[in-house]
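K.L.:
Got a structure for you, written out below as structure tokens; questions coming shortly.
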Amino acid sequence: MIGLGIETSCDETSIAIVKDGKEILSNVVYSQVKEHEKFFGVVPEIASRSHLIKINEVFEKALEQVSLSLNEIDYIAVTTRPGLIGSLMIGAQFAKVLHCITNIPIVDIDHIEAHFYANFLERKESPTYPFLGLLLSGGNTAIYRVDGLNQLKMIGNTQDDAIGEAFDKAASILKIGYPGGPVIEKYAKNYYNRDNQESFFGKILKDSQEITFSYSGIKTALLYLIQQNPQIDRNKVCYDFQETCFELIIRMLKKAIIKTNIKHIEAGGGVLANQRLRELLNHLSQEMNLKIYYPSNKILCTDNAAMVATLGYYYFLNGYRSNLDFSVSSNSFYKSLNS
Ligand code: KG4
């Protein structure tokens, strides 16, 4: 079965063609990073316009890379939530027009759920449940309990900034580049293996009974640190910032594992591209005897349409078809356990 995936929820325009939910035939990603760089963050209107300009070219490239015609595609899977409204609309409308021309059924997809299916795609395995979904990206920092297709319950969320957003803002304060994640990782690496001095952010993490994240405090602490010490060692600041941000992830993940007794974790989102985070997760996996998965291919960590096509495959197999009057939403449908 052949699926066409469309992803335009934020600042990547992506179209992919995936066979049987497991084999990527093409996965074209146009990243808008250069367009947002000078603003140190994604500007929604620039993002929407860029999707509009690029989507046809991305679509043509995705088709060119496979020797298939449109009438061999069985379903179109498109991200309709959560994300930037103007950006989502471009992908959603593109899917609707394709449907009008070809009559190929559409499956509307929640981007959060799709991130976890990037792992099944890469492992070429069918999903098994339950698992904990750990999503760490520019827009989300959350842990979900996943009991099946369309059965996600949020069990932990950020109270303010997402972790990727915190990395981006920290790099902007430090004036070291955009996006912040890779550049902070690079500076932090320069500090590894030095005699470990006390962390600049030593006391910032408070103990909490709840599974909850917060990154605005550390971002503000970093701002004051730089204002008061303009000549400070950037490498150590980045190292301490990264370690503190990840310590919170590991603490909360441990809590979620203990609370749910689920030892199978599927992680996704752009921050999973970070080598240090991968090391910490691998260490936790050994310590607690867990199965933790994240995409080894960094393209599958960040936003991409292959994961959308893969999740669409399982919905399509289950008989799900979207009504054509579907809309888009800035919010995910998957809310907290208490709501
Ligand atoms: O999944 P993604 O494409 O989502 C959104 O656009 O929301 O992730 C992008 C985020 C950015 O905030 C970026 O700074 C972060 O992922 N990121 C990283 C790394 N590579 C990307 N964060 C930490 N370390 C990295 N190596």
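Ordered as shown in the structure tokens, chains take letters A, B, and onward, while each chain numbers its residues from 1 and ligands are numbered from 1 in the order shown.
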Using DSSP secondary structure from the backbone, list all alpha helix (DSSP H) positions within range 86-242 of chain A, as a PyMOL selection string.
P.N.:
chain A and resi 86-102+111-123+163-174+180-189+216-228+234-242
K.L.:
Keeping only C-alpha atoms, take the residues you just selected and write them out as a compact mmCIF listing (two decimals), in the first residue's frame.
P.N.:
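To be explicit, this is the file written out as result16.txt:
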```
# COMPACT_ATOMS: atom_id res chain seq x y z
CA GLY A 86 -1.42 29.44 8.45
CA SER A 87 1.19 26.75 7.87
CA LEU A 88 -1.19 23.86 8.52
CA MET A 89 -3.71 25.36 6.09
CA ILE A 90 -1.27 25.18 3.19
CA GLY A 91 -0.73 21.43 3.63
CA ALA A 92 -4.40 20.73 4.34
CA GLN A 93 -5.58 22.64 1.29
CA PHE A 94 -2.95 20.95 -0.88
CA ALA A 95 -4.32 17.56 0.27
CA LYS A 96 -7.90 18.61 -0.47
CA VAL A 97 -7.01 19.75 -3.99
CA LEU A 98 -5.11 16.51 -4.66
CA HIS A 99 -8.18 14.62 -3.51
CA CYS A 100 -10.46 16.64 -5.84
CA ILE A 101 -8.26 15.78 -8.80
CA THR A 102 -7.55 12.13 -7.99
CA HIS A 111 1.56 15.61 14.36
CA ILE A 112 2.34 14.59 17.95
CA GLU A 113 1.16 11.05 17.42
CA ALA A 114 3.11 10.92 14.13
CA HIS A 115 6.45 11.65 15.85
CA PHE A 116 6.27 8.34 17.75
CA TYR A 117 5.58 6.37 14.57
CA ALA A 118 8.85 7.60 13.01
CA ASN A 119 10.50 4.97 15.21
CA PHE A 120 8.33 2.09 13.96
CA LEU A 121 9.02 3.23 10.41
CA GLU A 122 12.76 3.20 10.99
CA ARG A 123 12.69 -0.18 12.76
CA ILE A 163 12.82 22.49 25.52
CA GLY A 164 13.80 23.20 21.88
CA GLU A 165 12.38 26.70 22.23
CA ALA A 166 14.52 27.19 25.37
CA PHE A 167 17.63 26.10 23.42
CA ASP A 168 16.71 28.54 20.63
CA LYS A 169 16.16 31.43 23.06
CA ALA A 170 19.35 30.64 25.00
CA ALA A 171 21.39 30.68 21.78
CA SER A 172 19.76 33.98 20.89
CA ILE A 173 20.76 35.47 24.28
CA LEU A 174 24.28 34.13 23.76
CA GLY A 180 19.89 26.88 19.17
CA GLY A 181 19.98 23.12 19.77
CA PRO A 182 22.82 22.12 17.43
CA VAL A 183 24.90 25.22 18.24
CA ILE A 184 24.55 24.82 22.04
CA GLU A 185 25.47 21.15 21.63
CA LYS A 186 28.59 22.18 19.70
CA TYR A 187 29.73 24.68 22.37
CA ALA A 188 28.91 22.21 25.17
CA LYS A 189 31.09 19.56 23.50
CA SER A 216 11.56 29.68 31.38
CA GLY A 217 13.42 29.92 34.75
CA ILE A 218 16.69 28.55 33.39
CA LYS A 219 16.40 30.79 30.33
CA THR A 220 16.01 33.87 32.56
CA ALA A 221 18.89 32.72 34.79
CA LEU A 222 21.05 32.46 31.67
CA LEU A 223 20.04 35.96 30.59
CA TYR A 224 21.11 37.46 33.96
CA LEU A 225 24.30 35.41 34.00
CA ILE A 226 25.32 36.82 30.61
CA GLN A 227 24.29 40.38 31.50
CA GLN A 228 26.35 40.29 34.69
CA ARG A 234 30.39 30.29 26.51
CA ASN A 235 31.38 26.63 26.39
CA LYS A 236 30.75 26.11 30.11
CA VAL A 237 27.49 28.07 29.98
CA CYS A 238 26.25 25.88 27.13
CA TYR A 239 27.44 22.70 28.85
CA ASP A 240 25.70 23.57 32.13
CA PHE A 241 22.55 24.75 30.35
CA GLN A 242 22.32 21.56 28.29
```
K.L.:
Within 12 Å of Ile53 in chain A, counting only C-alpha atoms, which residues show up once you throw out same-chain ones fewer than 3 positions away? Write them as a list of chain:residue names, please.
P.N.:
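The residues that qualify are A:Thr13, A:Tyr30, A:Gln32, A:Ile46, A:Ala47, A:Ser48, A:Arg49, A:Ser50, A:Asn56, A:Glu57, A:Val58, A:Phe59, A:Ser87, A:Ile90, A:Gly91.
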K.L.:
Would you mind writing down, as a list in words, each residue of range 169-300 of chain A that DSSP on the backbone assigns to strand (DSSP E or B)?
P.N.:
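Answer for range 169-300 of chain A, restricted to strand (DSSP E or B): Thr212, Phe213, His264, Ile265, Glu266, Ala267, Gly268, Lys291, Ile292 and Tyr293 of chain A.
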K.L.:
Now that the selection is made, can you save its residues with C-alpha atoms as a PDB file, in the first residue's frame?
P.N.:
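This is the output file selection14.pdb:
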```
ATOM      1  CA  THR A 212       5.912  18.569  34.770  1.00  0.00           C
ATOM      2  CA  PHE A 213       8.488  20.611  32.880  1.00  0.00           C
ATOM      3  CA  HIS A 264       8.845   0.819  26.627  1.00  0.00           C
ATOM      4  CA  ILE A 265       9.572   4.396  25.477  1.00  0.00           C
ATOM      5  CA  GLU A 266       9.274   5.849  21.989  1.00  0.00           C
ATOM      6  CA  ALA A 267      10.957   9.261  21.802  1.00  0.00           C
ATOM      7  CA  GLY A 268      10.831  11.828  19.028  1.00  0.00           C
ATOM      8  CA  LYS A 291      13.448  -0.287  25.865  1.00  0.00           C
ATOM      9  CA  ILE A 292      14.023   3.288  24.698  1.00  0.00           C
ATOM     10  CA  TYR A 293      13.838   4.110  21.005  1.00  0.00           C
TER      11      TYR A 293
END
```
K.L.:
Could you jot down the CA of Asn304 in chain A to CA of Lys19 in chain A separation for me, Å, one decimal place?
P.N.:
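Computing the Euclidean distance for CA of Asn304 in chain A and CA of Lys19 in chain A yields 15.5 Å.
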K.L.:
Compare A:Ser137, A:Ser26, A:Ser199, A:Ser329 by their minimum atom-to-atom distance to ligand 1, counting only C-alpha atoms and all ligand atoms, and give me the closest one.
P.N.:
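Of A:Ser137, A:Ser26, A:Ser199, A:Ser329, the one nearest ligand 1 is A:Ser137, counting only C-alpha atoms and all ligand atoms.
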K.L.:
Would you please work out which residue, of A:Gly148, A:Pro105, A:Pro44, A:Pro179, is nearest to ligand 1 when using only C-alpha atoms and all ligand atoms?
P.N.:
A:Pro179
K.L.:
So which residues touch Gln65 in chain A within 8 Å, counting only C-alpha atoms, skipping near sequence neighbours fewer than 2 positions away, as an MDAnalysis selection string?
P.N.:
chainID A and resid 25:26 61:63 67
K.L.:
Next, dump the selected residues to file, keeping only C-alpha atoms, as a PDB file, in the first residue's frame.
P.N.:
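Full text of out27.pdb as output:
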```pdb
ATOM      1  CA  LEU A  25      10.422   5.697  -1.109  1.00  0.00           C
ATOM      2  CA  SER A  26      10.986   9.434  -0.844  1.00  0.00           C
ATOM      3  CA  LYS A  61      10.668  16.203  -6.122  1.00  0.00           C
ATOM      4  CA  ALA A  62       8.995  13.584  -3.916  1.00  0.00           C
ATOM      5  CA  LEU A  63       7.206  12.099  -6.939  1.00  0.00           C
ATOM      6  CA  SER A  67       8.788   5.607 -10.364  1.00  0.00           C
TER       7      SER A  67
END
```
K.L.:
Between A:Asn140, A:Ser126, A:Gln159, A:Ser69, which residue has the minimum interatomic distance to ligand 1, considering only C-alpha atoms and all ligand atoms?
P.N.:
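Nearest to ligand 1: A:Asn140.
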K.L.:
What gap, in Å, lies between CA of Phe316 in chain A and CA of Asp20 in chain A?
P.N.:
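These two atoms are separated by 10.6 Å.
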K.L.:
Let me make sure I understand: among A:Ile211, A:Val78, A:Ile73, A:Leu280, which one has the smallest atom-to-atom distance to Ala306 in chain A if we use only C-alpha atoms?
P.N.:
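The shortest atom-to-atom distance to Ala306 in chain A comes from A:Val78.
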K.L.:
List as a list in words the protein and nucleic acid residues near Ala162 in chain A, meaning an atom at most 8 Å away when only C-alpha atoms are counted, but skip any in the same chain fewer than 4 places from it.
P.N.:
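In the requested format, the answer is Leu136, Ser137, Gly138, Gly139, Asn140, Thr141, Thr158, Ala166, Ser214 and Tyr215 of chain A.
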K.L.:
Can I get the selected residues back with C-alpha atoms, as a PDB file, in the first residue's frame?
P.N.:
```pdb
ATOM      1  CA  LEU A 136      10.963  16.936  22.771  1.00  0.00           C
ATOM      2  CA  SER A 137      10.812  19.555  20.049  1.00  0.00           C
ATOM      3  CA  GLY A 138      10.679  23.269  19.363  1.00  0.00           C
ATOM      4  CA  GLY A 139       6.961  23.392  20.130  1.00  0.00           C
ATOM      5  CA  ASN A 140       6.397  20.513  22.568  1.00  0.00           C
ATOM      6  CA  THR A 141       7.840  18.971  25.696  1.00  0.00           C
ATOM      7  CA  THR A 158       5.662  21.943  30.011  1.00  0.00           C
ATOM      8  CA  ALA A 166      14.524  27.190  25.368  1.00  0.00           C
ATOM      9  CA  SER A 214       9.470  24.275  32.999  1.00  0.00           C
ATOM     10  CA  TYR A 215      12.238  25.964  31.037  1.00  0.00           C
TER      11      TYR A 215
END
```
K.L.:
For each of A:Arg276, A:Met1, A:His51, A:Arg145, take the minimum atom-to-atom distance to Lys22 in chain A, counting only C-alpha atoms, then give the residue where this is smallest.
P.N.:
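The closest residue to Lys22 in chain A is A:Met1.
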K.L.:
Pick from A:Tyr191, A:Phe39, A:Phe246, A:Phe200: nearest to ligand 1, with only C-alpha atoms and all ligand atoms counted?
P.N.:
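For ligand 1, the nearest of the given residues is A:Phe246.
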